[in-house]
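Participant: Mind looking over this structure? Questions follow.
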Amino acid sequence: MELLERFAVGDVDAFEALFRQHQGEVFRWLMRIVRNIAVAEDLTLETFWRMHRAHARFDPSMGNCGAWLRRIATNAAIDHLRHAHREVPLPDDLPATAQQPPAEQLELRREILRAMNKLSPRLRAVVLLALVEEEPYERIAEALGISESAVKLRVFRGVRILRKTLSEAGVHP
Amino acid sequence: MKEPEIDDLKKLLKDSLPPAHGVELQRDLWPAMLQRLDQRTLRVPWWDWALLATVAAALYFFPGIIPALLYHL
(Lines give C-alpha, C1' and ligand atoms only; values in the text may rest on other atoms or scores of the structure.)
Protein backbone atom coordinates (compact mmCIF):
# COMPACT_ATOMS: atom_id res chain seq x y z
CA MET A 1 0.00 0.00 0.00
CA GLU A 2 1.22 3.50 -0.82
CA LEU A 3 2.29 5.87 1.95
CA LEU A 4 -0.69 8.21 1.47
CA GLU A 5 -3.15 5.33 1.49
CA ARG A 6 -1.62 3.98 4.69
CA PHE A 7 -1.86 7.44 6.26
CA ALA A 8 -5.53 7.74 5.24
CA VAL A 9 -6.36 4.57 7.18
CA GLY A 10 -4.59 5.88 10.29
CA ASP A 11 -1.16 4.20 10.08
CA VAL A 12 1.14 6.06 12.53
CA ASP A 13 4.32 4.96 10.72
CA ALA A 14 2.99 6.48 7.50
CA PHE A 15 2.14 9.66 9.40
CA GLU A 16 5.71 9.77 10.78
CA ALA A 17 7.15 9.31 7.29
CA LEU A 18 4.97 12.14 5.93
CA PHE A 19 5.88 14.31 8.93
CA ARG A 20 9.61 13.83 8.34
CA GLN A 21 9.18 14.41 4.61
CA HIS A 22 7.21 17.65 4.93
CA GLN A 23 8.09 19.27 8.28
CA GLY A 24 10.79 21.52 6.76
CA GLU A 25 8.54 22.66 3.94
CA VAL A 26 5.64 23.41 6.30
CA PHE A 27 7.96 25.29 8.68
CA ARG A 28 9.34 27.45 5.84
CA TRP A 29 5.82 28.24 4.61
CA LEU A 30 4.73 29.24 8.12
CA MET A 31 7.87 31.38 8.63
CA ARG A 32 6.77 33.42 5.61
CA ILE A 33 3.51 34.27 7.33
CA VAL A 34 4.36 34.53 11.04
CA ARG A 35 8.08 35.48 10.73
CA ASN A 36 8.96 34.06 14.14
CA ILE A 37 10.89 30.80 14.59
CA ALA A 38 9.25 29.63 17.86
CA VAL A 39 5.74 30.40 16.57
CA ALA A 40 6.45 28.73 13.22
CA GLU A 41 7.70 25.58 15.02
CA ASP A 42 4.60 25.49 17.20
CA LEU A 43 2.32 26.02 14.20
CA THR A 44 4.15 23.25 12.30
CA LEU A 45 3.12 20.88 15.10
CA GLU A 46 -0.42 22.29 15.05
CA THR A 47 -0.59 21.78 11.26
CA PHE A 48 0.42 18.12 11.51
CA TRP A 49 -1.90 17.63 14.46
CA ARG A 50 -4.81 18.94 12.34
CA MET A 51 -3.63 16.74 9.47
CA HIS A 52 -3.56 13.70 11.76
CA ARG A 53 -7.08 14.42 13.03
CA ALA A 54 -8.36 14.75 9.47
CA HIS A 55 -6.66 11.61 8.09
CA ALA A 56 -9.99 9.90 7.39
CA ARG A 57 -11.05 12.81 5.14
CA PHE A 58 -7.82 12.72 3.11
CA ASP A 59 -8.24 11.35 -0.38
CA PRO A 60 -4.98 9.56 -1.37
CA SER A 61 -5.91 9.74 -5.05
CA MET A 62 -5.46 13.56 -4.90
CA GLY A 63 -1.79 12.79 -4.38
CA ASN A 64 -0.67 16.31 -3.46
CA CYS A 65 -0.04 16.10 0.24
CA GLY A 66 2.17 19.23 0.16
CA ALA A 67 -0.66 21.44 -1.14
CA TRP A 68 -3.06 20.03 1.46
CA LEU A 69 -0.53 20.71 4.22
CA ARG A 70 0.08 24.27 2.97
CA ARG A 71 -3.64 24.93 3.19
CA ILE A 72 -3.89 23.55 6.73
CA ALA A 73 -0.76 25.50 7.71
CA THR A 74 -2.12 28.76 6.27
CA ASN A 75 -5.36 28.35 8.21
CA ALA A 76 -3.41 27.58 11.39
CA ALA A 77 -1.24 30.68 10.84
CA ILE A 78 -4.29 32.90 10.23
CA ASP A 79 -5.95 31.51 13.38
CA HIS A 80 -2.77 32.35 15.28
CA LEU A 81 -2.63 35.90 13.87
CA ARG A 82 -6.30 36.36 14.72
CA HIS A 83 -5.77 35.38 18.36
CA ALA A 84 -2.50 37.26 18.70
CA HIS A 85 -3.91 40.34 16.91
CA ARG A 86 -4.87 42.29 20.01
CA GLU A 87 -2.18 40.91 22.28
CA VAL A 88 1.20 41.15 20.54
CA PRO A 89 2.36 42.90 17.39
CA LEU A 90 3.65 40.93 14.40
CA PRO A 91 7.04 39.59 15.49
CA ASP A 92 9.99 39.58 13.18
CA ASP A 93 12.97 37.33 13.82
CA LEU A 94 14.71 38.28 10.61
CA PRO A 95 17.44 40.88 10.21
CA ALA A 96 16.80 43.90 8.02
CA THR A 97 18.78 44.24 4.80
CA ALA A 98 18.26 47.84 3.77
CA GLN A 99 21.20 50.17 3.28
CA GLN A 100 19.83 52.87 5.59
CA PRO A 101 21.37 54.06 8.88
CA PRO A 102 20.34 51.69 11.69
CA ALA A 103 18.22 54.17 13.69
CA GLU A 104 16.27 55.34 10.65
CA GLN A 105 15.95 51.77 9.43
CA LEU A 106 14.64 50.61 12.81
CA GLU A 107 12.07 53.39 12.93
CA LEU A 108 10.89 52.61 9.40
CA ARG A 109 10.66 48.93 10.21
CA ARG A 110 8.65 49.72 13.33
CA GLU A 111 6.21 51.83 11.29
CA ILE A 112 5.85 49.09 8.70
CA LEU A 113 5.19 46.45 11.37
CA ARG A 114 2.65 48.79 12.97
CA ALA A 115 0.93 49.28 9.61
CA MET A 116 0.98 45.52 9.01
CA ASN A 117 -0.75 45.00 12.35
CA LYS A 118 -3.62 47.15 11.16
CA LEU A 119 -4.38 44.63 8.42
CA SER A 120 -6.75 41.77 9.11
CA PRO A 121 -4.93 38.42 9.53
CA ARG A 122 -6.06 37.20 6.08
CA LEU A 123 -4.94 40.40 4.36
CA ARG A 124 -1.66 40.38 6.26
CA ALA A 125 -0.93 36.82 5.18
CA VAL A 126 -1.67 37.67 1.54
CA VAL A 127 0.43 40.86 1.61
CA LEU A 128 3.41 39.08 3.19
CA LEU A 129 3.23 36.12 0.82
CA ALA A 130 2.65 38.18 -2.33
CA LEU A 131 4.78 41.28 -1.77
CA VAL A 132 7.56 40.28 0.64
CA GLU A 133 8.01 36.61 -0.23
CA GLU A 134 6.94 37.04 -3.87
CA GLU A 135 5.04 33.77 -3.91
CA PRO A 136 3.08 33.21 -7.14
CA TYR A 137 -0.58 34.21 -6.86
CA GLU A 138 -1.57 30.71 -7.92
CA ARG A 139 0.21 29.16 -4.93
CA ILE A 140 -1.28 31.71 -2.51
CA ALA A 141 -4.75 31.10 -3.94
CA GLU A 142 -4.32 27.35 -3.47
CA ALA A 143 -3.12 27.80 0.12
CA LEU A 144 -6.04 30.07 1.02
CA GLY A 145 -8.66 28.14 -0.92
CA ILE A 146 -9.64 31.19 -2.99
CA SER A 147 -9.31 32.22 -6.65
CA GLU A 148 -6.31 34.06 -8.10
CA SER A 149 -8.46 37.11 -8.78
CA ALA A 150 -9.50 37.12 -5.11
CA VAL A 151 -5.78 37.11 -4.18
CA LYS A 152 -5.16 40.09 -6.50
CA LEU A 153 -8.08 41.92 -4.95
CA ARG A 154 -6.72 41.29 -1.45
CA VAL A 155 -3.27 42.50 -2.48
CA PHE A 156 -4.82 45.74 -3.79
CA ARG A 157 -6.86 46.21 -0.63
CA GLY A 158 -3.84 45.46 1.56
CA VAL A 159 -1.63 47.86 -0.38
CA ARG A 160 -4.24 50.61 -0.15
CA ILE A 161 -4.56 50.22 3.64
CA LEU A 162 -0.78 50.03 4.10
CA ARG A 163 -0.14 53.14 1.98
CA LYS A 164 -2.79 55.07 3.91
CA THR A 165 -1.46 53.98 7.32
CA LEU A 166 2.15 54.67 6.34
CA SER A 167 1.26 58.08 4.87
CA GLU A 168 -0.45 59.02 8.15
CA ALA A 169 2.76 58.05 9.95
CA GLY A 170 4.81 60.23 7.60
CA VAL A 171 6.26 57.39 5.53
CA HIS A 172 5.67 57.86 1.81
CA PRO A 173 6.35 54.80 -0.30
CA MET B 1 -4.34 51.55 -8.07
CA LYS B 2 -1.48 51.29 -10.55
CA GLU B 3 1.22 48.62 -10.69
CA PRO B 4 4.09 51.10 -9.97
CA GLU B 5 2.39 52.03 -6.69
CA ILE B 6 2.39 48.35 -5.70
CA ASP B 7 6.01 48.00 -6.81
CA ASP B 8 7.06 51.02 -4.71
CA LEU B 9 5.43 49.56 -1.64
CA LYS B 10 6.85 46.12 -2.39
CA LYS B 11 10.35 47.60 -2.50
CA LEU B 12 9.82 49.41 0.80
CA LEU B 13 8.48 46.25 2.45
CA LYS B 14 11.28 44.07 1.12
CA ASP B 15 13.91 46.56 2.27
CA SER B 16 12.52 46.59 5.80
CA LEU B 17 11.21 43.04 6.14
CA PRO B 18 13.61 40.66 4.46
CA PRO B 19 12.07 37.55 2.91
CA ALA B 20 11.96 34.55 5.21
CA HIS B 21 12.53 31.89 2.57
CA GLY B 22 16.14 31.29 3.62
CA VAL B 23 15.22 30.28 7.18
CA GLU B 24 15.44 26.54 7.75
CA LEU B 25 14.08 24.32 10.50
CA GLN B 26 16.92 23.77 12.97
CA ARG B 27 15.64 20.65 14.76
CA ASP B 28 13.57 17.56 14.19
CA LEU B 29 10.05 18.23 15.51
CA TRP B 30 8.95 14.58 15.52
CA PRO B 31 9.65 14.00 19.27
CA ALA B 32 7.51 17.06 20.09
CA MET B 33 4.80 15.79 17.72
CA LEU B 34 4.79 12.40 19.44
CA GLN B 35 4.45 14.08 22.81
CA ARG B 36 1.53 16.16 21.53
CA LEU B 37 -0.18 13.10 20.05
CA ASP B 38 0.10 11.27 23.40
CA GLN B 39 -1.27 14.24 25.35
CA ARG B 40 -4.13 15.00 22.98
CA THR B 41 -5.33 11.41 22.66
CA LEU B 42 -5.70 11.17 26.44
CA ARG B 43 -7.61 14.43 26.75
CA VAL B 44 -11.41 14.31 26.57
CA PRO B 45 -12.98 17.65 25.56
CA TRP B 46 -15.20 19.32 28.19
CA TRP B 47 -18.27 19.24 25.94
CA ASP B 48 -18.02 15.43 25.76
CA TRP B 49 -18.19 15.33 29.56
CA ALA B 50 -21.12 17.80 29.48
CA LEU B 51 -22.94 15.62 26.94
CA LEU B 52 -22.32 12.51 29.01
CA ALA B 53 -23.60 14.27 32.15
CA THR B 54 -26.72 15.47 30.31
CA VAL B 55 -27.48 11.97 29.01
CA ALA B 56 -26.87 10.43 32.45
CA ALA B 57 -29.15 13.01 34.10
CA ALA B 58 -31.85 12.48 31.48
CA LEU B 59 -31.73 8.71 31.98
CA TYR B 60 -31.86 9.12 35.78
CA PHE B 61 -34.75 11.62 35.87
CA PHE B 62 -36.72 10.22 32.90
CA PRO B 63 -36.16 6.46 32.91
CA GLY B 64 -39.11 6.15 30.52
CA ILE B 65 -36.86 7.24 27.64
CA ILE B 66 -34.62 4.18 28.03
CA PRO B 67 -36.86 1.81 26.00
CA ALA B 68 -37.28 4.52 23.33
CA LEU B 69 -33.52 5.02 23.21
CA LEU B 70 -32.89 1.26 22.97
CA TYR B 71 -35.51 1.00 20.22
CA HIS B 72 -33.72 3.69 18.17
CA LEU B 73 -30.32 2.11 18.72
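Labels for the C-alpha coordinates follow display order: chains A, B, ..., residues from 1 in each chain, ligands from 1.
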Taking only residues of chain B that have an atom at most 6 Å from an atom of chain A, what is each one's shortest atom pair and its distance in Å to one decimal, using only C-alpha atoms, in chain and number order, as a Markdown table?
Facilitator:
```
| residue | atom | partner | partner_atom | distance |
| --- | --- | --- | --- | --- |
| B:Asp8 | CA | A:Pro173 | CA | 5.9 |
| B:Leu9 | CA | A:Pro173 | CA | 5.5 |
| B:Lys10 | CA | A:Leu131 | CA | 5.3 |
| B:Lys14 | CA | A:Val132 | CA | 5.3 |
| B:Asp15 | CA | A:Ala98 | CA | 4.8 |
| B:Ser16 | CA | A:Arg109 | CA | 5.3 |
| B:Leu17 | CA | A:Ala96 | CA | 6.0 |
| B:Pro18 | CA | A:Ala96 | CA | 5.8 |
| B:Pro19 | CA | A:Glu133 | CA | 5.2 |
| B:Ala20 | CA | A:Arg32 | CA | 5.3 |
| B:Leu25 | CA | A:Gly24 | CA | 5.7 |
| B:Met33 | CA | A:Leu45 | CA | 6.0 |
```
Participant: Just to confirm, what's the straight-line distance from atom CA of B:Ala50 to atom CA of A:Ala56 in Å (one decimal)?
Facilitator: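 Atom-to-atom, atom CA of B:Ala50 to atom CA of A:Ala56, that is 26.0 Å.
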Participant: Kindly indicate which residue among A:Ala54, A:Ala150, A:Ala169, A:Ala38 lies nearest to A:Gly10, using only C-alpha atoms for the distances.
Facilitator: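 So, comparing all the options, the nearest one is A:Ala54.
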Participant: Excluding stretch 61-65 of chain A and any residue of its chain fewer than 3 positions from it, enumerate the residues within 9 Å of it, using only C-alpha atoms, and give them as a PyMOL selection string.
Facilitator: chain A and resi 4-5+18+22+58+68-70
Participant: Taking N, CA and C atoms for each residue, export the selection above as a CSV table (one decimal), in the first residue's frame.
Facilitator:
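Contents of again.csv, as written:
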```csv
chain,number,residue,atom,x,y,z
A,4,LEU,N,0.5,7.4,1.3
A,4,LEU,CA,-0.7,8.2,1.5
A,4,LEU,C,-1.9,7.4,1.8
A,5,GLU,N,-2.0,6.2,1.2
A,5,GLU,CA,-3.2,5.3,1.5
A,5,GLU,C,-3.0,4.8,2.9
A,18,LEU,N,5.4,10.9,6.6
A,18,LEU,CA,5.0,12.1,5.9
A,18,LEU,C,5.4,13.4,6.7
A,22,HIS,N,7.8,16.3,5.2
A,22,HIS,CA,7.2,17.7,4.9
A,22,HIS,C,7.4,18.7,6.0
A,58,PHE,N,-8.8,12.5,4.2
A,58,PHE,CA,-7.8,12.7,3.1
A,58,PHE,C,-8.0,11.7,2.0
A,68,TRP,N,-2.1,20.2,0.4
A,68,TRP,CA,-3.1,20.0,1.5
A,68,TRP,C,-2.5,20.6,2.8
A,69,LEU,N,-1.2,20.2,3.0
A,69,LEU,CA,-0.5,20.7,4.2
A,69,LEU,C,-0.4,22.2,4.2
A,70,ARG,N,-0.1,22.8,3.1
A,70,ARG,CA,0.1,24.3,3.0
A,70,ARG,C,-1.2,25.0,3.3
```
Participant: Which residues in chain B does DSSP call helix (DSSP H, G or I)? List them as number ranges by chain.
Facilitator: B: 3-16, 30-42, 46-61, 65-72
